[in-house]
file input04.csv (CSV, C-alpha atoms)
chain,number,residue,atom,x,y,z
A,1,MET,CA,-0.1,27.8,19.3
A,2,ASN,CA,-1.6,29.7,22.3
A,3,LYS,CA,-0.6,28.0,25.5
A,4,THR,CA,-4.0,28.8,27.0
A,5,LEU,CA,-5.3,26.0,24.7
A,6,TYR,CA,-3.4,23.3,26.5
A,7,ASN,CA,-6.5,22.1,28.4
A,8,PHE,CA,-5.4,18.6,29.3
A,9,SER,CA,-7.0,16.7,32.2
A,10,PRO,CA,-4.7,15.4,34.9
A,11,GLU,CA,-5.2,11.9,33.5
A,12,GLU,CA,-4.2,13.1,30.0
A,13,LYS,CA,-1.0,14.7,31.3
A,14,ILE,CA,0.0,11.4,32.9
A,15,ARG,CA,-1.1,9.3,29.9
A,16,TYR,CA,1.0,11.3,27.4
A,17,ALA,CA,3.9,12.3,29.7
A,18,ARG,CA,6.5,10.2,27.8
A,19,GLN,CA,5.4,11.7,24.6
A,20,THR,CA,5.2,15.4,25.6
A,21,ILE,CA,8.7,15.4,27.0
A,22,LEU,CA,10.0,14.9,23.4
A,23,PRO,CA,11.2,18.4,22.3
A,24,MET,CA,9.7,18.0,18.8
A,25,ILE,CA,6.3,17.0,20.3
A,26,GLY,CA,5.8,18.9,23.6
A,27,LEU,CA,2.4,20.2,24.7
A,28,GLU,CA,1.9,21.9,21.4
A,29,GLY,CA,2.3,18.7,19.4
A,30,GLN,CA,0.1,16.9,21.9
A,31,MET,CA,-2.6,19.5,21.4
A,32,ARG,CA,-2.4,19.1,17.7
A,33,LEU,CA,-3.0,15.4,18.1
A,34,LYS,CA,-5.9,16.1,20.5
A,35,LYS,CA,-7.6,18.4,18.0
A,36,SER,CA,-6.9,16.3,15.0
A,37,ARG,CA,-9.5,14.2,13.1
A,38,ILE,CA,-8.1,11.1,11.3
A,39,LEU,CA,-10.2,8.8,9.1
A,40,MET,CA,-9.3,5.1,8.9
A,41,ILE,CA,-10.8,3.5,5.8
A,42,GLY,CA,-10.7,-0.2,6.6
A,43,ALA,CA,-10.7,-1.7,10.1
A,44,GLY,CA,-9.0,-4.9,9.2
A,45,GLY,CA,-5.3,-6.0,8.7
A,46,LEU,CA,-3.9,-2.7,7.6
A,47,GLY,CA,-6.3,-0.7,9.7
A,48,SER,CA,-5.7,-2.5,13.0
A,49,SER,CA,-2.2,-1.3,14.1
A,50,PRO,CA,-2.5,2.4,13.1
A,51,ALA,CA,-5.8,2.6,14.8
A,52,ILE,CA,-4.4,1.2,18.0
A,53,TYR,CA,-1.3,3.4,18.1
A,54,LEU,CA,-3.1,6.6,17.0
A,55,ALA,CA,-5.7,6.0,19.8
A,56,ALA,CA,-2.9,5.5,22.3
A,57,ALA,CA,-1.1,8.6,21.0
A,58,GLY,CA,-4.1,10.8,21.7
A,59,VAL,CA,-5.6,11.6,18.3
A,60,GLY,CA,-8.8,13.4,19.3
A,61,THR,CA,-11.2,11.8,16.8
A,62,ILE,CA,-10.7,8.6,14.9
A,63,GLY,CA,-13.3,7.7,12.2
A,64,LEU,CA,-13.7,4.0,11.1
A,65,VAL,CA,-15.2,3.1,7.8
A,66,ASP,CA,-15.8,-0.6,7.1
A,67,PRO,CA,-18.9,-2.5,6.0
A,68,ASP,CA,-17.7,-6.0,7.0
A,69,THR,CA,-18.1,-8.3,10.0
A,70,VAL,CA,-15.4,-10.1,11.8
A,71,SER,CA,-14.7,-13.6,10.5
A,72,LEU,CA,-12.4,-16.4,11.7
A,73,SER,CA,-10.0,-16.0,8.8
A,74,ASN,CA,-9.4,-12.3,9.7
A,75,LEU,CA,-7.9,-13.0,13.1
A,76,HIS,CA,-4.3,-14.0,12.1
A,77,ARG,CA,-3.7,-10.4,11.0
A,78,GLN,CA,-6.6,-8.2,12.2
A,79,VAL,CA,-5.4,-7.7,15.8
A,80,LEU,CA,-8.1,-5.3,16.7
A,81,HIS,CA,-10.5,-8.2,16.7
A,82,TYR,CA,-10.7,-11.2,19.0
A,83,THR,CA,-12.3,-14.7,18.6
A,84,SER,CA,-15.3,-13.5,20.7
A,85,ASP,CA,-15.9,-10.8,18.1
A,86,ILE,CA,-16.7,-13.2,15.2
A,87,ASP,CA,-19.8,-12.0,13.3
A,88,LYS,CA,-19.7,-8.6,15.0
A,89,PRO,CA,-19.4,-5.5,12.8
A,90,LYS,CA,-15.7,-4.6,12.5
A,91,VAL,CA,-16.4,-0.9,13.3
A,92,VAL,CA,-18.2,-1.9,16.5
A,93,SER,CA,-15.4,-4.3,17.5
A,94,ALA,CA,-12.8,-1.8,16.8
A,95,GLN,CA,-14.6,1.0,18.6
A,96,GLU,CA,-14.8,-1.1,21.8
A,97,LYS,CA,-11.1,-1.9,21.8
A,98,LEU,CA,-10.0,1.7,21.0
A,99,LYS,CA,-12.2,3.2,23.8
A,100,LYS,CA,-10.6,0.7,26.2
A,101,ILE,CA,-7.1,1.8,25.1
A,102,ASN,CA,-8.0,5.5,25.5
A,103,PRO,CA,-11.3,6.6,26.9
A,104,GLU,CA,-10.3,10.2,26.3
A,105,ILE,CA,-10.8,10.1,22.5
A,106,ASN,CA,-13.8,10.1,20.2
A,107,ILE,CA,-14.6,7.2,17.8
A,108,ALA,CA,-16.9,7.7,14.9
A,109,THR,CA,-18.1,4.7,13.0
A,110,TYR,CA,-19.4,4.2,9.5
A,111,LYS,CA,-20.7,0.7,8.8
A,112,GLN,CA,-20.8,1.2,5.1
A,113,ARG,CA,-18.7,0.7,2.0
A,114,LEU,CA,-16.9,3.8,0.8
A,115,SER,CA,-18.4,4.9,-2.5
A,116,ALA,CA,-18.3,7.8,-4.9
A,117,ASP,CA,-21.6,9.0,-3.4
A,118,ASN,CA,-20.6,9.0,0.2
A,119,ALA,CA,-16.9,9.6,0.0
A,120,PRO,CA,-17.1,13.5,-0.3
A,121,SER,CA,-19.3,13.9,2.8
A,122,ILE,CA,-17.4,11.4,4.9
A,123,LEU,CA,-13.9,12.6,4.1
A,124,ALA,CA,-14.8,16.3,4.3
A,125,ASP,CA,-14.9,16.2,8.2
A,126,TYR,CA,-11.4,14.8,8.6
A,127,ASP,CA,-7.9,16.3,8.5
A,128,LEU,CA,-6.0,13.2,7.3
A,129,ILE,CA,-7.1,9.9,5.6
A,130,ILE,CA,-5.4,6.5,6.2
A,131,ASP,CA,-5.9,3.9,3.5
A,132,GLY,CA,-6.4,0.6,5.3
A,133,THR,CA,-8.2,-1.1,2.5
A,134,ASP,CA,-7.2,-4.4,0.7
A,135,ASN,CA,-8.6,-3.8,-2.8
A,136,LEU,CA,-7.6,-1.6,-5.7
A,137,PRO,CA,-10.9,0.0,-6.6
A,138,SER,CA,-11.1,1.5,-3.1
A,139,ARG,CA,-7.6,2.8,-3.4
A,140,TYR,CA,-8.2,4.6,-6.6
A,141,LEU,CA,-11.5,6.0,-5.2
A,142,ILE,CA,-9.6,7.3,-2.0
A,143,ASN,CA,-6.9,8.8,-4.2
A,144,ASP,CA,-9.3,10.6,-6.4
A,145,ALA,CA,-11.6,11.8,-3.6
A,146,CYS,CA,-8.6,13.2,-1.6
A,147,PHE,CA,-7.4,15.0,-4.7
A,148,PHE,CA,-10.8,16.7,-5.3
A,149,LEU,CA,-11.1,17.5,-1.6
A,150,ASN,CA,-7.5,18.7,-1.3
A,151,LYS,CA,-6.9,16.1,1.4
A,152,THR,CA,-3.8,14.1,2.2
A,153,PHE,CA,-3.9,10.3,2.5
A,154,ILE,CA,-1.4,7.8,3.8
A,155,PHE,CA,-1.2,4.7,1.5
A,156,GLY,CA,-0.4,1.2,2.7
A,157,GLY,CA,-0.4,-2.0,0.7
A,158,VAL,CA,0.6,-5.6,1.4
A,159,HIS,CA,1.4,-8.7,-0.8
A,160,GLN,CA,2.5,-12.0,0.7
A,161,PHE,CA,5.8,-11.1,2.5
A,162,GLU,CA,6.1,-7.5,1.2
A,163,GLY,CA,4.5,-4.2,2.0
A,164,GLN,CA,4.5,-0.6,0.8
A,165,CYS,CA,3.9,2.8,2.4
A,166,SER,CA,3.7,6.3,1.0
A,167,ILE,CA,1.9,9.7,1.3
A,168,PHE,CA,-0.1,11.3,-1.4
A,169,GLY,CA,-1.4,14.8,-1.1
A,170,PRO,CA,-1.3,18.5,-2.1
A,171,GLY,CA,2.1,19.5,-3.5
A,172,GLY,CA,3.2,16.0,-4.4
A,173,PRO,CA,2.3,13.2,-6.8
A,174,CYS,CA,-0.9,11.3,-6.6
A,175,TYR,CA,-1.3,7.5,-6.6
A,176,ARG,CA,-2.1,7.7,-10.3
A,177,CYS,CA,1.2,9.3,-11.1
A,178,PHE,CA,2.8,5.9,-10.4
A,179,PHE,CA,-0.1,3.5,-11.1
A,180,ARG,CA,-2.2,5.4,-13.7
A,181,GLU,CA,-5.1,3.1,-14.2
A,182,LEU,CA,-7.0,0.3,-12.4
A,183,PRO,CA,-5.9,-3.0,-14.0
A,184,PRO,CA,-8.6,-5.3,-15.4
A,185,ALA,CA,-9.8,-7.8,-12.8
A,186,ASP,CA,-9.0,-10.8,-15.1
A,187,GLU,CA,-5.3,-9.8,-15.2
A,188,MET,CA,-4.9,-10.0,-11.4
A,189,PRO,CA,-4.1,-13.0,-9.3
A,190,SER,CA,-6.8,-14.5,-7.0
A,191,CYS,CA,-7.1,-12.9,-3.6
A,192,ALA,CA,-7.2,-16.2,-1.9
A,193,GLU,CA,-4.1,-17.3,-3.9
A,194,ALA,CA,-2.0,-14.2,-3.0
A,195,GLY,CA,-2.1,-14.5,0.8
A,196,VAL,CA,-0.2,-12.4,3.3
A,197,ILE,CA,1.8,-13.1,6.5
A,198,GLY,CA,0.0,-11.5,9.4
A,199,VAL,CA,2.9,-9.3,10.7
A,200,VAL,CA,3.3,-7.5,7.4
A,201,PRO,CA,0.1,-5.5,7.7
A,202,GLY,CA,1.0,-4.7,11.2
A,203,ILE,CA,4.4,-3.4,10.3
A,204,ILE,CA,3.1,-1.3,7.4
A,205,GLY,CA,0.2,0.0,9.6
A,206,LEU,CA,2.7,1.1,12.2
A,207,MET,CA,4.6,3.0,9.4
A,208,GLN,CA,1.3,4.7,8.5
A,209,ALA,CA,0.7,5.6,12.2
A,210,ASN,CA,4.2,7.1,12.4
A,211,GLU,CA,3.6,9.2,9.2
A,212,ALA,CA,0.3,10.4,10.6
A,213,ILE,CA,1.8,11.6,13.9
A,214,LYS,CA,4.6,13.4,12.0
A,215,TRP,CA,2.1,15.0,9.7
A,216,ILE,CA,-0.2,16.1,12.5
A,217,CYS,CA,2.7,17.4,14.6
A,218,GLN,CA,4.4,18.9,11.6
A,219,ILE,CA,7.8,17.3,12.3
A,220,GLY,CA,10.3,15.2,10.4
A,221,GLU,CA,10.3,14.4,6.7
A,222,PRO,CA,7.1,13.0,5.3
A,223,LEU,CA,7.0,10.2,2.7
A,224,LEU,CA,5.6,12.5,0.1
A,225,GLY,CA,7.0,11.4,-3.3
A,226,ARG,CA,8.7,8.4,-1.7
A,227,LEU,CA,7.5,4.8,-1.6
A,228,LEU,CA,8.9,2.6,1.1
A,229,ILE,CA,9.0,-1.1,0.3
A,230,PHE,CA,9.5,-3.7,3.1
A,231,ASP,CA,10.6,-7.3,2.4
A,232,ALA,CA,9.8,-9.4,5.5
A,233,LEU,CA,11.9,-12.3,4.3
A,234,SER,CA,15.2,-10.3,4.2
A,235,ALA,CA,14.1,-7.7,6.7
A,236,ARG,CA,15.1,-5.0,4.2
A,237,TRP,CA,13.6,-1.6,3.5
A,238,ARG,CA,13.9,0.0,0.0
A,239,GLU,CA,12.8,3.4,-1.3
A,240,VAL,CA,11.4,4.3,-4.7
A,241,LYS,CA,11.0,7.9,-5.8
A,242,ILE,CA,7.7,8.9,-7.2
A,243,LYS,CA,7.6,12.0,-9.4
A,244,LYS,CA,4.6,14.1,-10.2
A,245,ASP,CA,3.5,13.0,-13.7
A,246,PRO,CA,2.6,15.9,-16.1
A,247,GLU,CA,0.6,13.3,-18.1
A,248,CYS,CA,-1.4,12.0,-15.0
A,249,PRO,CA,-5.1,11.9,-15.9
A,250,LEU,CA,-6.0,13.3,-12.5
A,251,CYS,CA,-3.4,15.8,-11.3
A,252,GLY,CA,-1.5,16.3,-14.6
A,253,ASP,CA,-1.3,19.3,-16.9
A,254,HIS,CA,-4.3,18.2,-18.9
A,255,PRO,CA,-6.5,16.1,-16.6
A,256,THR,CA,-9.2,13.9,-18.1
A,257,ILE,CA,-10.6,12.7,-14.7
A,258,LYS,CA,-12.8,15.6,-13.5
A,259,THR,CA,-15.4,13.9,-11.4
A,260,LEU,CA,-15.4,11.2,-8.8
A,261,LYS,CA,-16.2,7.8,-10.3
A,262,GLU,CA,-17.2,4.5,-8.9
A,263,TYR,CA,-14.9,1.6,-9.6
A,264,THR,CA,-15.8,-2.1,-9.6
A,265,TRP,CA,-13.4,-5.0,-9.5
A,266,HIS,CA,-13.5,-8.6,-8.3
A,267,CYS,CA,-10.8,-11.1,-7.6
A,268,GLN,CA,-10.0,-13.4,-10.6
A,269,THR,CA,-11.3,-16.9,-10.0
A,270,GLN,CA,-11.1,-18.2,-13.6
A,271,THR,CA,-8.3,-18.9,-16.0
A,272,PRO,CA,-7.8,-16.0,-18.4
A,273,THR,CA,-8.5,-16.7,-22.1
A,274,LYS,CA,-5.6,-17.9,-24.1
A,275,ASP,CA,-5.5,-14.8,-26.3
A,276,LYS,CA,-4.7,-12.6,-23.3
A,277,LEU,CA,-1.4,-12.9,-21.5
A,278,MET,CA,-1.8,-13.7,-17.8
A,279,GLN,CA,-0.5,-11.0,-15.5
A,280,GLU,CA,1.0,-13.8,-13.2
A,281,ILE,CA,2.9,-16.8,-14.3
A,282,THR,CA,4.6,-19.6,-12.3
A,283,VAL,CA,8.3,-20.4,-12.6
A,284,ARG,CA,7.4,-23.8,-14.1
A,285,GLU,CA,5.3,-22.2,-16.8
A,286,LEU,CA,8.1,-19.7,-17.5
A,287,LYS,CA,10.6,-22.6,-17.8
A,288,LYS,CA,8.5,-24.3,-20.4
A,289,LEU,CA,8.2,-21.1,-22.4
A,290,ARG,CA,11.9,-20.4,-22.1
A,291,ASP,CA,12.8,-23.9,-23.3
A,292,LYS,CA,10.9,-23.2,-26.5
A,293,GLU,CA,12.2,-19.6,-26.8
A,294,PRO,CA,15.5,-19.0,-24.9
A,295,THR,CA,15.5,-15.3,-25.8
A,296,LEU,CA,12.4,-14.4,-23.8
A,297,TYR,CA,12.7,-11.0,-22.1
A,298,LEU,CA,13.1,-11.5,-18.4
A,299,LEU,CA,13.0,-8.2,-16.4
A,300,ASP,CA,14.7,-8.3,-12.9
A,301,VAL,CA,13.5,-5.4,-10.8
A,302,ARG,CA,15.7,-6.2,-7.7
A,303,GLU,CA,18.5,-4.0,-6.6
A,304,GLU,CA,22.1,-4.3,-7.8
A,305,ASP,CA,23.3,-5.8,-4.5
A,306,GLU,CA,20.8,-8.6,-4.8
A,307,TRP,CA,21.8,-9.1,-8.5
A,308,ASP,CA,25.4,-9.6,-7.4
A,309,ILE,CA,24.3,-12.4,-5.0
A,310,ALA,CA,22.0,-14.3,-7.3
A,311,ARG,CA,20.7,-13.9,-10.9
A,312,ILE,CA,18.9,-15.7,-13.7
A,313,GLU,CA,21.1,-16.0,-16.7
A,314,GLY,CA,20.0,-13.7,-19.6
A,315,ALA,CA,17.7,-11.5,-17.4
A,316,HIS,CA,17.8,-7.7,-17.7
A,317,LEU,CA,18.3,-5.7,-14.5
A,318,LYS,CA,16.2,-2.6,-13.9
A,319,PRO,CA,15.7,-2.0,-10.2
A,320,LEU,CA,12.2,-0.9,-9.2
A,321,SER,CA,13.8,2.0,-7.3
A,322,ILE,CA,14.8,3.7,-10.6
A,323,LEU,CA,12.3,2.0,-13.0
A,324,GLU,CA,10.3,5.2,-13.4
A,325,GLU,CA,13.4,6.8,-15.0
A,326,ASN,CA,14.7,3.8,-16.8
A,327,PHE,CA,11.9,1.8,-18.5
A,328,GLU,CA,11.7,3.2,-22.0
A,329,ASP,CA,14.1,0.7,-23.6
A,330,ILE,CA,12.0,-2.3,-22.4
A,331,PRO,CA,10.4,-3.7,-25.5
A,332,LYS,CA,6.6,-3.3,-26.0
A,333,ASP,CA,6.4,-5.5,-29.1
A,334,LYS,CA,7.0,-8.8,-27.2
A,335,PRO,CA,6.1,-10.4,-23.8
A,336,VAL,CA,8.0,-9.2,-20.8
A,337,TYR,CA,8.3,-11.5,-17.7
A,338,CYS,CA,9.0,-9.5,-14.6
A,339,PHE,CA,10.5,-10.9,-11.4
A,340,CYS,CA,12.0,-9.9,-8.1
A,341,LYS,CA,12.9,-11.9,-5.0
A,342,ALA,CA,9.5,-13.2,-4.1
A,343,GLY,CA,7.0,-11.5,-6.3
A,344,GLY,CA,5.9,-8.3,-4.4
A,345,ARG,CA,8.1,-5.7,-6.1
A,346,SER,CA,7.6,-7.2,-9.5
A,347,ALA,CA,3.8,-7.0,-9.1
A,348,MET,CA,4.3,-3.3,-8.5
A,349,ALA,CA,6.5,-3.0,-11.6
A,350,VAL,CA,3.9,-4.8,-13.7
A,351,GLU,CA,1.2,-2.3,-12.6
A,352,PHE,CA,3.6,0.6,-13.3
A,353,LEU,CA,4.5,-0.7,-16.8
A,354,LYS,CA,0.9,-1.4,-17.7
A,355,SER,CA,0.1,2.2,-16.9
A,356,LYS,CA,2.8,3.2,-19.4
A,357,GLY,CA,1.2,1.2,-22.2
A,358,TYR,CA,2.8,-2.3,-21.8
A,359,SER,CA,0.1,-4.9,-22.5
A,360,GLN,CA,2.2,-8.1,-22.9
A,361,ILE,CA,3.6,-8.3,-19.4
A,362,ALA,CA,3.5,-10.9,-16.6
A,363,ASN,CA,4.6,-11.2,-13.0
A,364,VAL,CA,6.7,-14.3,-12.2
A,365,LYS,CA,5.0,-15.7,-9.1
A,366,GLY,CA,7.5,-16.4,-6.3
A,367,GLY,CA,10.3,-14.6,-8.1
A,368,ILE,CA,13.9,-15.8,-8.1
A,369,GLN,CA,13.3,-17.6,-4.8
A,370,ALA,CA,10.8,-19.9,-6.5
A,371,TRP,CA,13.1,-20.3,-9.5
A,372,SER,CA,15.9,-21.4,-7.2
A,373,GLU,CA,13.7,-23.9,-5.3
A,374,GLU,CA,11.9,-25.4,-8.3
A,375,ILE,CA,14.0,-24.8,-11.4
A,376,ASP,CA,17.7,-24.1,-10.7
A,377,PRO,CA,19.0,-25.0,-7.2
A,378,ARG,CA,22.5,-23.6,-8.2
A,379,ILE,CA,21.1,-20.1,-7.6
A,380,PRO,CA,21.8,-19.2,-4.0
A,381,HIS,CA,19.1,-18.2,-1.5
A,382,TYR,CA,19.7,-14.9,0.4
call {"tool": "encode", "arguments": {"input": "input04.csv", "output": "structure tokens"}}
result
Amino acid sequence: MNKTLYNFSPEEKIRYARQTILPMIGLEGQMRLKKSRILMIGAGGLGSSPAIYLAAAGVGTIGLVDPDTVSLSNLHRQVLHYTSDIDKPKVVSAQEKLKKINPEINIATYKQRLSADNAPSILADYDLIIDGTDNLPSRYLINDACFFLNKTFIFGGVHQFEGQCSIFGPGGPCYRCFFRELPPADEMPSCAEAGVIGVVPGIIGLMQANEAIKWICQIGEPLLGRLLIFDALSARWREVKIKKDPECPLCGDHPTIKTLKEYTWHCQTQTPTKDKLMQEITVRELKKLRDKEPTLYLLDVREEDEWDIARIEGAHLKPLSILEENFEDIPKDKPVYCFCKAGGRSAMAVEFLKSKGYSQIANVKGGIQAWSEEIDPRIPHY
């Protein structure tokens, strides 16, 4: 980059001094950040921490897409917003805070829901997209729109005490390579029921910000083709490899998705019909089923070191980190009950296996931790 382009104000030179002294960033990297345009889709829990840190780092233009207003129930995790912001549009509240953090940057706001109609025009103006949404239809829409526009997006997801982060973009797999299709709404747990501890969106959001800075500055190793999983209860990070799927309906060899499509999905609030296996089951419900049929197929997707510490007798171990390469002997002709430590990783495994044609599969709510607490206290906590 031409050094004549390093047109920083005296205030900017001081503001970013601790960053520009890093050899891998320097003035060139700082100028890349200043010239970059990053779109945040969602200004809530996942969107708060990356927006704060990318503004502080000097990203020149940050776009904010969110149709919602601030509510009291947001505040335990959406740290961009304060109690005084209740009923204020989230994009307005976020813009006010980010400009106070760094008045040198530009903030563009879009108080609207991202849709198949507006996604191409909104995303087109940005270099990098960050998924800060909290629902699956938006995630599939972002993935598909980025693919058609040849854009990169940084994925983040949270569930109770667990979170995930990855990058999907040109040259690597897309989100559908791992989770092929949007699951039916009546097979997902209630949004209110799932819950999340406030720090997990913050931690995952910081990972997204870190990946964004690396991507803009062209340094380090991106999370392309790698999914990081964080367990807040054990303070452990795990990594799952994601391969490009030649059968992917979007980016595969014979794509069937050729246009951007609108997805609709609502949280489940009713009990599913009896002729359809629930995607989530409690440990007490599982115990009753197992008492009647001791040979039920229990699939443990934890890692081997966790299996060595605690296990449910008769379960089959297939760690999520290698499930993509090791799932074909899991039976499709009978129900499969999937569990991990607390339910986050197994929920991901359920989504993955359903994309591979498994219809009789359920996530065990609370995992082996709930089994130990409610069913078999001999199983140790870890």
call {"tool": "closest_residue", "arguments": {"input": "input04.csv", "among": "A:Thr152, A:Gly132, A:Leu22, A:Glu12", "to": "Asn102 (chain A)", "atoms": "all atoms listed in the file"}}
result
A:Glu12
call {"tool": "atom_distance", "arguments": {"input": "input04.csv", "atom1": "CA of Gly343 (chain A)", "atom2": "CA of Lys287 (chain A)"}}
result
16.4 Å
call {"tool": "atom_distance", "arguments": {"input": "input04.csv", "atom1": "CA of Thr20 (chain A)", "atom2": "CA of Gln218 (chain A)"}}
result
14.5 Å
call {"tool": "atom_distance", "arguments": {"input": "input04.csv", "atom1": "CA of Gly195 (chain A)", "atom2": "CA of Tyr337 (chain A)"}}
result
21.4 Å
call {"tool": "residues_around", "arguments": {"input": "input04.csv", "residues": "Asn106 (chain A)", "least_positions_apart": "3", "cutoff": "10 Å", "atoms": "all atoms listed in the file", "output": "mmCIF file with C-alpha atoms, in the coordinates of the input"}}
result
data_model
loop_
_atom_site.group_PDB
_atom_site.id
_atom_site.type_symbol
_atom_site.label_atom_id
_atom_site.label_comp_id
_atom_site.auth_asym_id
_atom_site.auth_seq_id
_atom_site.Cartn_x
_atom_site.Cartn_y
_atom_site.Cartn_z
ATOM 1 C CA LYS A 34 -5.900 16.100 20.500
ATOM 2 C CA ARG A 37 -9.500 14.200 13.100
ATOM 3 C CA ALA A 55 -5.700 6.000 19.800
ATOM 4 C CA GLY A 58 -4.100 10.800 21.700
ATOM 5 C CA VAL A 59 -5.600 11.600 18.300
ATOM 6 C CA GLY A 60 -8.800 13.400 19.300
ATOM 7 C CA THR A 61 -11.200 11.800 16.800
ATOM 8 C CA ILE A 62 -10.700 8.600 14.900
ATOM 9 C CA GLY A 63 -13.300 7.700 12.200
ATOM 10 C CA GLN A 95 -14.600 1.000 18.600
ATOM 11 C CA LEU A 98 -10.000 1.700 21.000
ATOM 12 C CA LYS A 99 -12.200 3.200 23.800
ATOM 13 C CA ASN A 102 -8.000 5.500 25.500
ATOM 14 C CA PRO A 103 -11.300 6.600 26.900
ATOM 15 C CA THR A 109 -18.100 4.700 13.000
#
call {"tool": "closest_residue", "arguments": {"input": "input04.csv", "among": "A:Arg113, A:Lys35, A:Arg180, A:Lys354", "to": "Gln279 (chain A)", "atoms": "only C-alpha atoms"}}
result
A:Lys354
call {"tool": "closest_residue", "arguments": {"input": "input04.csv", "among": "A:Gly220, A:Ile38, A:Ile257, A:Pro319", "to": "Lys151 (chain A)", "atoms": "all atoms listed in the file"}}
result
A:Ile38
call {"tool": "residues_around", "arguments": {"input": "input04.csv", "residues": "Gly366 (chain A)", "least_positions_apart": "3", "cutoff": "12 Å", "atoms": "all atoms listed in the file", "output": "NGL selection string"}}
result
:A and (159-162 or 193-194 or 280-284 or 286 or 338-347 or 363 or 369-375)
call {"tool": "closest_residue", "arguments": {"input": "input04.csv", "among": "A:Glu306, A:Glu247, A:Glu328, A:Glu104", "to": "Pro10 (chain A)", "atoms": "only C-alpha atoms"}}
result
A:Glu104
